[in-house]
Structure formats: C-alpha cells, structure tokens
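For reference, entry24.cif (mmCIF, C-alpha atoms and all ligand atoms):
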data_protein
#
loop_
_atom_site.label_atom_id
_atom_site.label_comp_id
_atom_site.auth_asym_id
_atom_site.auth_seq_id
_atom_site.Cartn_x
_atom_site.Cartn_y
_atom_site.Cartn_z
CA MET A 1 12.53 30.34 -251.91
CA GLN A 2 15.02 27.90 -253.34
CA THR A 3 17.42 25.91 -251.15
CA LEU A 4 20.77 25.07 -252.72
CA THR A 5 23.29 22.72 -251.19
CA ARG A 6 25.91 22.57 -253.96
CA THR A 7 28.48 25.35 -254.05
CA ALA A 8 28.68 25.19 -257.86
CA ALA A 9 24.90 25.69 -258.09
CA ILE A 10 24.83 28.97 -256.13
CA ALA A 11 27.94 30.20 -257.95
CA GLU A 12 26.22 29.57 -261.29
CA GLN A 13 23.02 31.27 -260.11
CA ALA A 14 24.93 34.29 -258.80
CA LEU A 15 26.82 34.70 -262.07
CA ALA A 16 23.54 34.58 -264.02
CA TRP A 17 22.01 37.27 -261.78
CA ARG A 18 25.04 39.50 -262.09
CA ALA A 19 25.01 39.06 -265.89
CA GLN A 20 21.40 40.34 -265.84
CA GLY A 21 22.57 43.41 -263.90
CA LEU A 22 20.74 42.38 -260.72
CA ARG A 23 21.88 43.48 -257.25
CA VAL A 24 22.61 40.51 -255.03
CA GLY A 25 22.26 40.90 -251.25
CA PHE A 26 23.93 38.43 -248.90
CA VAL A 27 23.61 37.60 -245.21
CA PRO A 28 26.00 34.85 -244.07
CA THR A 29 24.97 32.96 -240.93
CA MET A 30 25.66 29.80 -238.97
CA GLY A 31 21.94 29.10 -238.56
CA PHE A 32 19.72 28.74 -235.47
CA LEU A 33 18.32 32.02 -236.66
CA HIS A 34 16.77 34.62 -234.36
CA ARG A 35 15.48 38.17 -234.69
CA GLY A 36 19.06 39.45 -234.87
CA HIS A 37 19.58 37.51 -238.10
CA THR A 38 16.19 38.35 -239.61
CA SER A 39 16.84 42.06 -238.90
CA LEU A 40 19.95 41.77 -241.11
CA MET A 41 17.82 40.21 -243.87
CA GLU A 42 15.30 43.06 -243.49
CA LEU A 43 18.12 45.59 -243.93
CA ALA A 44 19.39 43.83 -247.05
CA ARG A 45 16.01 43.12 -248.69
CA PRO A 46 15.17 46.62 -250.01
CA ARG A 47 18.78 47.13 -251.15
CA CYS A 48 18.92 44.17 -253.55
CA ASP A 49 16.99 42.35 -256.26
CA LYS A 50 17.95 38.87 -255.06
CA LEU A 51 18.66 37.99 -251.44
CA VAL A 52 20.88 35.05 -250.48
CA VAL A 53 21.29 33.73 -246.92
CA SER A 54 23.88 31.08 -246.16
CA ILE A 55 23.80 28.67 -243.25
CA PHE A 56 27.13 27.01 -242.66
CA VAL A 57 28.66 26.11 -239.30
CA ASN A 58 32.22 26.83 -240.31
CA PRO A 59 34.67 24.41 -238.66
CA LEU A 60 37.60 26.75 -239.34
CA GLN A 61 36.40 29.31 -236.79
CA PHE A 62 36.07 26.88 -233.89
CA GLY A 63 38.99 26.07 -231.61
CA VAL A 64 39.65 22.46 -230.53
CA ASN A 65 37.70 22.68 -227.27
CA GLU A 66 34.91 24.86 -228.58
CA ASP A 67 31.28 24.03 -229.33
CA LEU A 68 31.42 22.99 -233.03
CA ASP A 69 29.77 19.61 -232.34
CA ARG A 70 27.00 20.97 -230.14
CA TYR A 71 26.37 24.26 -231.98
CA PRO A 72 22.55 24.56 -232.00
CA ARG A 73 20.74 23.70 -235.24
CA ASP A 74 17.16 24.16 -236.45
CA PRO A 75 17.04 23.60 -240.24
CA GLU A 76 13.26 23.71 -240.57
CA GLY A 77 12.78 26.74 -238.34
CA ASP A 78 15.61 28.52 -240.16
CA ALA A 79 14.07 27.85 -243.58
CA ALA A 80 10.68 29.16 -242.40
CA LYS A 81 12.28 32.37 -241.08
CA CYS A 82 14.19 32.92 -244.30
CA ARG A 83 11.06 32.35 -246.38
CA ALA A 84 9.16 34.87 -244.24
CA ALA A 85 11.99 37.39 -244.66
CA GLY A 86 11.72 37.21 -248.45
CA VAL A 87 14.95 35.31 -249.06
CA ASP A 88 15.34 34.12 -252.67
CA VAL A 89 18.01 31.49 -252.13
CA LEU A 90 18.99 29.71 -248.93
CA PHE A 91 22.47 28.30 -249.41
CA VAL A 92 23.19 25.38 -247.06
CA PRO A 93 26.36 23.90 -248.50
CA ASP A 94 27.31 20.28 -248.05
CA ASP A 95 30.48 20.59 -250.14
CA PHE A 96 31.74 24.05 -249.22
CA TYR A 97 35.52 23.71 -249.00
CA PRO A 98 37.45 21.79 -251.65
CA PRO A 99 38.90 18.71 -249.88
CA ASP A 100 42.45 20.04 -250.26
CA HIS A 101 41.72 23.72 -249.60
CA SER A 102 44.76 25.37 -248.10
CA THR A 103 44.28 29.14 -248.42
CA ARG A 104 43.79 31.21 -245.28
CA VAL A 105 42.72 34.85 -245.21
CA ARG A 106 43.94 36.85 -242.22
CA VAL A 107 43.40 40.50 -241.32
CA GLU A 108 46.38 41.43 -239.17
CA GLY A 109 46.07 43.75 -236.21
CA LEU A 110 42.29 43.92 -235.97
CA SER A 111 42.09 40.13 -235.52
CA GLU A 112 44.27 40.35 -232.40
CA GLY A 113 42.95 41.49 -229.02
CA LEU A 114 39.36 41.38 -227.73
CA CYS A 115 37.88 38.03 -228.94
CA GLY A 116 41.10 37.25 -230.82
CA THR A 117 43.11 36.88 -227.59
CA SER A 118 41.26 33.87 -226.22
CA ARG A 119 40.21 32.54 -229.65
CA PRO A 120 43.39 32.58 -231.74
CA VAL A 121 41.97 30.80 -234.83
CA PHE A 122 38.59 32.48 -234.73
CA PHE A 123 38.92 35.49 -237.00
CA GLU A 124 41.18 33.79 -239.52
CA GLY A 125 38.48 31.12 -239.82
CA ILE A 126 35.84 33.81 -240.31
CA THR A 127 37.73 35.83 -242.92
CA THR A 128 38.61 32.63 -244.78
CA VAL A 129 35.00 31.41 -244.94
CA VAL A 130 33.58 34.85 -245.70
CA ALA A 131 36.10 35.49 -248.50
CA ARG A 132 35.11 32.18 -250.11
CA LEU A 133 31.39 32.87 -249.57
CA PHE A 134 31.84 36.26 -251.24
CA GLY A 135 33.60 34.54 -254.15
CA VAL A 136 30.73 32.11 -254.57
CA VAL A 137 27.75 34.44 -253.95
CA GLN A 138 29.27 37.53 -255.64
CA PRO A 139 27.17 39.93 -253.53
CA THR A 140 26.64 43.60 -254.32
CA VAL A 141 25.76 44.28 -250.69
CA THR A 142 26.27 42.27 -247.51
CA VAL A 143 25.03 42.79 -243.96
CA PHE A 144 26.83 41.84 -240.75
CA GLY A 145 25.52 42.45 -237.23
CA GLU A 146 27.06 44.93 -234.80
CA LYS A 147 26.62 42.23 -232.14
CA ASP A 148 29.93 40.85 -233.48
CA TYR A 149 31.47 44.32 -233.59
CA GLN A 150 35.06 43.18 -234.06
CA GLN A 151 33.99 40.78 -236.82
CA LEU A 152 32.23 43.63 -238.65
CA ALA A 153 35.35 45.83 -238.44
CA ILE A 154 37.50 42.96 -239.73
CA ILE A 155 35.16 42.22 -242.66
CA ARG A 156 35.11 45.93 -243.61
CA ARG A 157 38.92 45.97 -243.56
CA MET A 158 39.18 42.75 -245.60
CA VAL A 159 36.79 44.10 -248.24
CA ARG A 160 38.77 47.35 -248.44
CA ASP A 161 42.19 45.70 -248.49
CA LEU A 162 41.24 43.11 -251.11
CA ALA A 163 39.35 45.75 -253.15
CA LEU A 164 36.23 43.58 -253.22
CA PRO A 165 33.38 45.45 -254.95
CA ILE A 166 30.95 44.80 -252.08
CA GLU A 167 29.10 47.28 -249.89
CA VAL A 168 29.28 46.18 -246.22
CA LEU A 169 26.44 47.31 -243.96
CA GLY A 170 26.33 46.96 -240.18
CA GLY A 171 23.01 45.96 -238.61
CA PRO A 172 22.19 47.15 -235.07
CA LEU A 173 22.49 44.67 -232.22
CA ILE A 174 19.08 43.31 -231.23
CA ARG A 175 18.23 42.63 -227.57
CA ASP A 176 15.61 40.45 -225.95
CA ASP A 177 12.99 42.17 -223.78
CA ASP A 178 15.19 41.64 -220.70
CA GLY A 179 18.15 43.34 -222.46
CA LEU A 180 20.20 40.23 -223.27
CA ALA A 181 21.88 40.55 -226.68
CA LEU A 182 20.34 37.95 -228.99
CA SER A 183 22.72 35.10 -229.76
CA SER A 184 22.25 31.52 -230.90
CA ARG A 185 24.40 30.52 -227.90
CA ASN A 186 21.81 31.92 -225.44
CA ALA A 187 20.06 28.55 -225.98
CA TYR A 188 22.79 26.97 -223.80
CA LEU A 189 21.94 29.11 -220.73
CA SER A 190 19.89 27.74 -217.82
CA PRO A 191 17.36 30.23 -216.33
CA ALA A 192 19.79 30.99 -213.46
CA GLN A 193 22.67 31.54 -215.89
CA ARG A 194 20.53 33.73 -218.08
CA ALA A 195 19.70 35.93 -215.09
CA ARG A 196 23.43 36.41 -214.49
CA ALA A 197 24.04 37.02 -218.20
CA LEU A 198 21.97 40.19 -217.86
CA SER A 199 24.94 41.66 -215.98
CA LEU A 200 26.73 42.07 -219.33
CA HIS A 201 24.45 44.69 -220.78
CA ARG A 202 23.92 46.26 -217.34
CA ALA A 203 27.66 46.77 -217.02
CA LEU A 204 27.95 48.19 -220.54
CA PHE A 205 24.97 50.53 -220.18
CA ALA A 206 26.28 51.80 -216.84
CA MET A 207 29.62 52.57 -218.53
CA ALA A 208 27.89 54.33 -221.41
CA ALA A 209 25.79 56.43 -219.04
CA ALA A 210 28.55 57.42 -216.57
CA GLU A 211 29.85 61.02 -216.48
CA GLU A 212 33.41 59.81 -216.80
CA ARG A 213 36.00 59.99 -219.55
CA ASP A 214 38.78 57.94 -217.99
CA ALA A 215 38.59 54.50 -219.64
CA ALA A 216 40.19 52.67 -216.68
CA ALA A 217 37.59 54.13 -214.29
CA LEU A 218 34.77 53.15 -216.64
CA ILE A 219 36.13 49.63 -216.95
CA ALA A 220 36.39 49.34 -213.15
CA LEU A 221 32.74 50.39 -212.94
CA GLY A 222 31.73 47.77 -215.52
CA ARG A 223 33.72 45.04 -213.79
CA SER A 224 32.01 45.79 -210.48
CA ILE A 225 28.66 45.01 -212.14
CA LEU A 226 29.64 41.92 -214.18
CA ASP A 227 28.56 38.63 -212.60
CA VAL A 228 30.29 35.97 -214.71
CA ASP A 229 32.30 32.79 -214.20
CA THR A 230 35.29 33.53 -216.43
CA PHE A 231 36.18 37.04 -217.37
CA ASP A 232 37.74 37.40 -220.82
CA TYR A 233 37.83 41.14 -221.58
CA LEU A 234 36.04 44.41 -220.95
CA GLU A 235 37.49 47.23 -223.02
CA ILE A 236 36.78 50.61 -224.49
CA ARG A 237 37.90 51.04 -228.09
CA ASP A 238 37.65 53.69 -230.79
CA ALA A 239 34.30 52.99 -232.51
CA VAL A 240 35.81 52.98 -236.00
CA THR A 241 39.45 51.85 -235.76
CA LEU A 242 39.02 49.71 -232.62
CA ALA A 243 42.21 51.30 -231.23
CA PRO A 244 42.34 51.10 -227.41
CA LEU A 245 41.39 54.38 -225.69
CA GLU A 246 42.67 55.75 -222.39
CA THR A 247 40.36 58.75 -222.50
CA VAL A 248 36.93 58.58 -224.04
CA ASP A 249 37.21 61.70 -226.18
CA ARG A 250 35.65 60.44 -229.40
CA PRO A 251 32.91 58.00 -230.44
CA ALA A 252 33.79 54.76 -228.68
CA ARG A 253 32.53 51.29 -228.06
CA ALA A 254 32.54 49.36 -224.80
CA LEU A 255 32.96 45.65 -225.53
CA VAL A 256 32.78 42.62 -223.26
CA GLY A 257 33.56 38.92 -223.65
CA CYS A 258 33.15 36.38 -220.86
CA TRP A 259 31.86 32.96 -219.89
CA ILE A 260 28.87 31.89 -217.85
CA GLY A 261 29.27 28.18 -217.20
CA GLY A 262 30.30 26.66 -220.53
CA THR A 263 28.75 29.45 -222.61
CA ARG A 264 30.79 32.24 -224.14
CA LEU A 265 28.92 35.52 -224.37
CA ILE A 266 29.82 38.85 -225.97
CA ASP A 267 28.09 42.21 -226.02
CA ASN A 268 28.91 45.83 -226.85
CA VAL A 269 27.38 49.30 -226.67
CA ALA A 270 28.18 52.66 -228.22
CA ILE A 271 29.64 55.29 -225.92
CA GLU A 272 28.41 58.60 -227.29
CA ARG A 273 29.08 61.82 -225.41
CA PRO A 274 29.13 65.49 -226.30
CA TRP A 275 32.75 65.45 -227.52
CA THR A 276 33.48 69.19 -227.52
O1 LIG A 301 28.68 35.73 -237.47
C1 LIG A 301 28.59 34.54 -237.86
O2 LIG A 301 27.55 33.89 -237.70
C2 LIG A 301 29.77 33.87 -238.52
O3 LIG A 301 30.96 34.29 -237.95
C3 LIG A 301 29.81 34.05 -240.05
C4 LIG A 301 29.97 35.51 -240.44
C5 LIG A 301 28.53 33.49 -240.66
C6 LIG A 301 31.00 33.28 -240.64
O4 LIG A 301 30.92 31.92 -240.39
#
I'd like the structure from this file rewritten - as structure tokens, please.
Amino acid sequence: MQTLTRTAAIAEQALAWRAQGLRVGFVPTMGFLHRGHTSLMELARPRCDKLVVSIFVNPLQFGVNEDLDRYPRDPEGDAAKCRAAGVDVLFVPDDFYPPDHSTRVRVEGLSEGLCGTSRPVFFEGITTVVARLFGVVQPTVTVFGEKDYQQLAIIRRMVRDLALPIEVLGGPLIRDDDGLALSSRNAYLSPAQRARALSLHRALFAMAAAEERDAAALIALGRSILDVDTFDYLEIRDAVTLAPLETVDRPARALVGCWIGGTRLIDNVAIERPWT
C-alpha cells in the first residue's frame, strides 16, 4: 500500500490507471476507521482493480461549535486497517483545497431536513469535498455507508445531476455487539452515556417491528423509548426519495438524530412490511 499526501500525486496516479483501462474503487473517510469503514472497503475491493481510501477531516462540513478540533484520529491504526483490507493507495492530503477555493456544491431539497436542520453547512461541505475527491480520484465505483443514510441519498443525487460516470454503492450499517451503530464519535461516550445511546437502536427497532402504519404513532412509540439529552429528529421517510411519510405504505426508513452529552449520534433502520 502506498500513502500519498499530495493531491497532484493521486490525480496523476488515477489518470494513469484510467488510461490503462483499470477500474478504480474509492471509499472516502474522515479516518478513525472501524468495522463500518472496512466493510465499505470489502464491498469495493472485488469491484475494482485499484482501491483508494481517503482520510481527510473536512473543515467545510463542521459548524463553528462542532468537533473539528477534537475529531478522533489514529493515523497508524487507520493505515494498518487499510493495508489489511487490500487498499492500494491511502490518500491523506495535506494540500487538499487550493488556498483560494471558492466553489460550493449543494444538493437542494435533500440537504434540508433531518441532519440538515441542525447542521446547516454540513451537507454542502460534504458534497463540496466529495465532488473534489471524485475529480481527483476519478473513481469507477464508490461506496458510502447507509449509516449516513441522508448523505448516501445526497451523493447519489449529486452523481446523477452532475452526470458523473461513477457507480455509487450503499454499504449496510454495521452495529457493535450491543446494537450501537458503529461511529467514530462513539469514542466520545462514557460507559454510562453509551448505555443510554443504546436507546437509539431500541427505539428504531421497536418502530420497525410495530404493527402500525401511522407514522405519527410510530414516532410517538420511538420517542417514548429514546433516552437522550437533546432530541434533534426522529422521522419516517420514503426509503428512496426521503420524502416524509404520514402512512407507512411503502419501503421506508426510520431515522434518528440526537445528542448524548456533547456527542451527536445518528442511526436508522429499514421499515419493511408486506405492502399489499
Ligand atoms: O461520511 C464521512 O465520513 C464524510 O462525510 C465524508 C463522506 C468522508 C466526506 O468528508
């Protein structure tokens, strides 16, 4: 595995691969890698000739009072995990944005609501960094986790709208043995907070299992189970378009965002019923 830190170097490498007709797979990350990330690499690996993983804590997607400065980092552990996952190039840029970069990429509609309500700059920061990463890495196929379900929908829409010749795959959300959705931010939780964080997936699984089609009733059920400090959202959306649903009469997704202490957590589950 090669580690590249210069943006021009990976761009040159990617162009050479593409000129040889090779399929380039790409998993963008912000590091502090866990099994959720490596599962995305495992999905990409058999679908490409060369696999690139990026680690870049993107300042554009953090709000002023968010955790940019304390975002967890583990460069050596990350490199070992990437090597074990068969990554060809680990891209850890130290010069990613041109000093006077001024272009922003924004997917309207889908970037509003859910996480976009309390984090107004978040998705614009993500689509801007991912568009530039795509430009540099020139992937044939890319994998994003369903853990960030809204992000995945937004990236799919951006790729479609900008006619980028990239296949976008969604990787299933990975949970720890106790059910907590894997997230780099779980490292912030104390044992007591972690115990309360389990209420997220309990609420979502109860909603998914209930014999109920009225979204408001399902949300009330979920809220009665959630044990969090600051509630952000708990919603049921169409699984594909993310349109809000009043009645669960098609494949849907229950999504939650909330805070335990100073840690923001999100989770989601599929709501699948016999629809006829
Ligand atoms: O999901 C993430 O880790 C980030 O939002 C991403 C896609 C790497 C962009 O910075």
Which residues of chain A sit at most 9 Å from ligand LIG 301 (chain A), using only C-alpha atoms and all ligand atoms? Give each one's shortest atom pair and distance in Å (one decimal place), in chain and ascending residue order, as JSON lines.
{"residue": "A:Val27", "atom": "CA", "partner": "A:LIG301", "partner_atom": "C5", "distance": 7.9}
{"residue": "A:Pro28", "atom": "CA", "partner": "A:LIG301", "partner_atom": "C5", "distance": 4.5}
{"residue": "A:Thr29", "atom": "CA", "partner": "A:LIG301", "partner_atom": "C5", "distance": 3.6}
{"residue": "A:Met30", "atom": "CA", "partner": "A:LIG301", "partner_atom": "O2", "distance": 4.7}
{"residue": "A:Gly31", "atom": "CA", "partner": "A:LIG301", "partner_atom": "O2", "distance": 7.4}
{"residue": "A:His37", "atom": "CA", "partner": "A:LIG301", "partner_atom": "O2", "distance": 8.8}
{"residue": "A:Ser54", "atom": "CA", "partner": "A:LIG301", "partner_atom": "C5", "distance": 7.6}
{"residue": "A:Ile55", "atom": "CA", "partner": "A:LIG301", "partner_atom": "C5", "distance": 7.2}
{"residue": "A:Phe56", "atom": "CA", "partner": "A:LIG301", "partner_atom": "O4", "distance": 6.6}
{"residue": "A:Val57", "atom": "CA", "partner": "A:LIG301", "partner_atom": "O4", "distance": 6.3}
{"residue": "A:Asn58", "atom": "CA", "partner": "A:LIG301", "partner_atom": "O4", "distance": 5.3}
{"residue": "A:Pro59", "atom": "CA", "partner": "A:LIG301", "partner_atom": "O4", "distance": 8.6}
{"residue": "A:Leu60", "atom": "CA", "partner": "A:LIG301", "partner_atom": "O4", "distance": 8.5}
{"residue": "A:Gln61", "atom": "CA", "partner": "A:LIG301", "partner_atom": "O4", "distance": 7.1}
{"residue": "A:Phe122", "atom": "CA", "partner": "A:LIG301", "partner_atom": "O3", "distance": 8.5}
{"residue": "A:Phe123", "atom": "CA", "partner": "A:LIG301", "partner_atom": "O3", "distance": 8.1}
{"residue": "A:Gly125", "atom": "CA", "partner": "A:LIG301", "partner_atom": "O4", "distance": 7.6}
{"residue": "A:Ile126", "atom": "CA", "partner": "A:LIG301", "partner_atom": "C6", "distance": 4.9}
{"residue": "A:Thr127", "atom": "CA", "partner": "A:LIG301", "partner_atom": "C6", "distance": 7.5}
{"residue": "A:Thr128", "atom": "CA", "partner": "A:LIG301", "partner_atom": "C6", "distance": 8.7}
{"residue": "A:Val129", "atom": "CA", "partner": "A:LIG301", "partner_atom": "O4", "distance": 6.1}
{"residue": "A:Val130", "atom": "CA", "partner": "A:LIG301", "partner_atom": "C6", "distance": 5.9}
{"residue": "A:Leu133", "atom": "CA", "partner": "A:LIG301", "partner_atom": "C6", "distance": 8.9}
{"residue": "A:Phe144", "atom": "CA", "partner": "A:LIG301", "partner_atom": "C4", "distance": 7.1}
{"residue": "A:Gly145", "atom": "CA", "partner": "A:LIG301", "partner_atom": "O1", "distance": 7.4}
{"residue": "A:Lys147", "atom": "CA", "partner": "A:LIG301", "partner_atom": "O1", "distance": 8.7}
{"residue": "A:Asp148", "atom": "CA", "partner": "A:LIG301", "partner_atom": "O1", "distance": 6.6}
{"residue": "A:Gln151", "atom": "CA", "partner": "A:LIG301", "partner_atom": "O3", "distance": 7.3}
{"residue": "A:Leu152", "atom": "CA", "partner": "A:LIG301", "partner_atom": "C4", "distance": 8.6}
{"residue": "A:Ile155", "atom": "CA", "partner": "A:LIG301", "partner_atom": "C4", "distance": 8.8}
{"residue": "A:Ser184", "atom": "CA", "partner": "A:LIG301", "partner_atom": "O2", "distance": 8.9}
- Message: Restricting the calculation to all atoms listed in the file: of A:Asp238, A:Asp229, A:Glu246, A:Asp267, which residue gets closest to Ala217 in chain A?
- Response: A:Glu246
- Query: Between A:Leu110, A:Val52, A:Leu40, A:Ala243, which one has atoms that come closest to Val136 in chain A, using all atoms listed in the file?
  - Reply: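 For Val136 in chain A, the nearest of the given residues is A:Val52.
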- Message: Report, in Å to a single decimal, how far apart CA of Ala208 in chain A and CA of Pro191 in chain A are.
- Response: 26.8 Å
- Task: Would you work out the distance separating CA of Arg223 in chain A from CA of Ala254 in chain A, expressed in Å to one decimal?
- Result: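 Going from CA of Arg223 in chain A over to CA of Ala254 in chain A, I get 11.9 Å.
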- Task: State, in Å with one decimal place, the distance from CA of Ser39 in chain A to CA of Gly171 in chain A.
- Result: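 The value is 7.3 Å.
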Nearby residues (all atoms listed in the file) at most 8 Å from range 74-86 of chain A, same-chain spacing under 2 positions excluded, as a PDB file with C-alpha atoms, in the coordinates of the input:
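Everything below was put into result.pdb:
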ATOM      1  CA  MET A   1      12.530  30.340-251.910  1.00  0.00           C
ATOM      2  CA  GLY A  31      21.940  29.100-238.560  1.00  0.00           C
ATOM      3  CA  PHE A  32      19.720  28.740-235.470  1.00  0.00           C
ATOM      4  CA  LEU A  33      18.320  32.020-236.660  1.00  0.00           C
ATOM      5  CA  THR A  38      16.190  38.350-239.610  1.00  0.00           C
ATOM      6  CA  MET A  41      17.820  40.210-243.870  1.00  0.00           C
ATOM      7  CA  GLU A  42      15.300  43.060-243.490  1.00  0.00           C
ATOM      8  CA  ARG A  45      16.010  43.120-248.690  1.00  0.00           C
ATOM      9  CA  LEU A  51      18.660  37.990-251.440  1.00  0.00           C
ATOM     10  CA  VAL A  53      21.290  33.730-246.920  1.00  0.00           C
ATOM     11  CA  PRO A  72      22.550  24.560-232.000  1.00  0.00           C
ATOM     12  CA  ASP A  88      15.340  34.120-252.670  1.00  0.00           C
ATOM     13  CA  LEU A  90      18.990  29.710-248.930  1.00  0.00           C
TER      14      LEU A  90
END
At a cut-off of 6 Å around the point (37.2, 34.7, -222.1) (file coordinates), what residues fall inside when counting only C-alpha atoms? I'd like the answer as a PDB file with C-alpha atoms, keeping the file's coordinate frame.
ATOM      1  CA  SER A 118      41.260  33.870-226.220  1.00  0.00           C
ATOM      2  CA  PHE A 231      36.180  37.040-217.370  1.00  0.00           C
ATOM      3  CA  ASP A 232      37.740  37.400-220.820  1.00  0.00           C
ATOM      4  CA  GLY A 257      33.560  38.920-223.650  1.00  0.00           C
ATOM      5  CA  CYS A 258      33.150  36.380-220.860  1.00  0.00           C
TER       6      CYS A 258
END
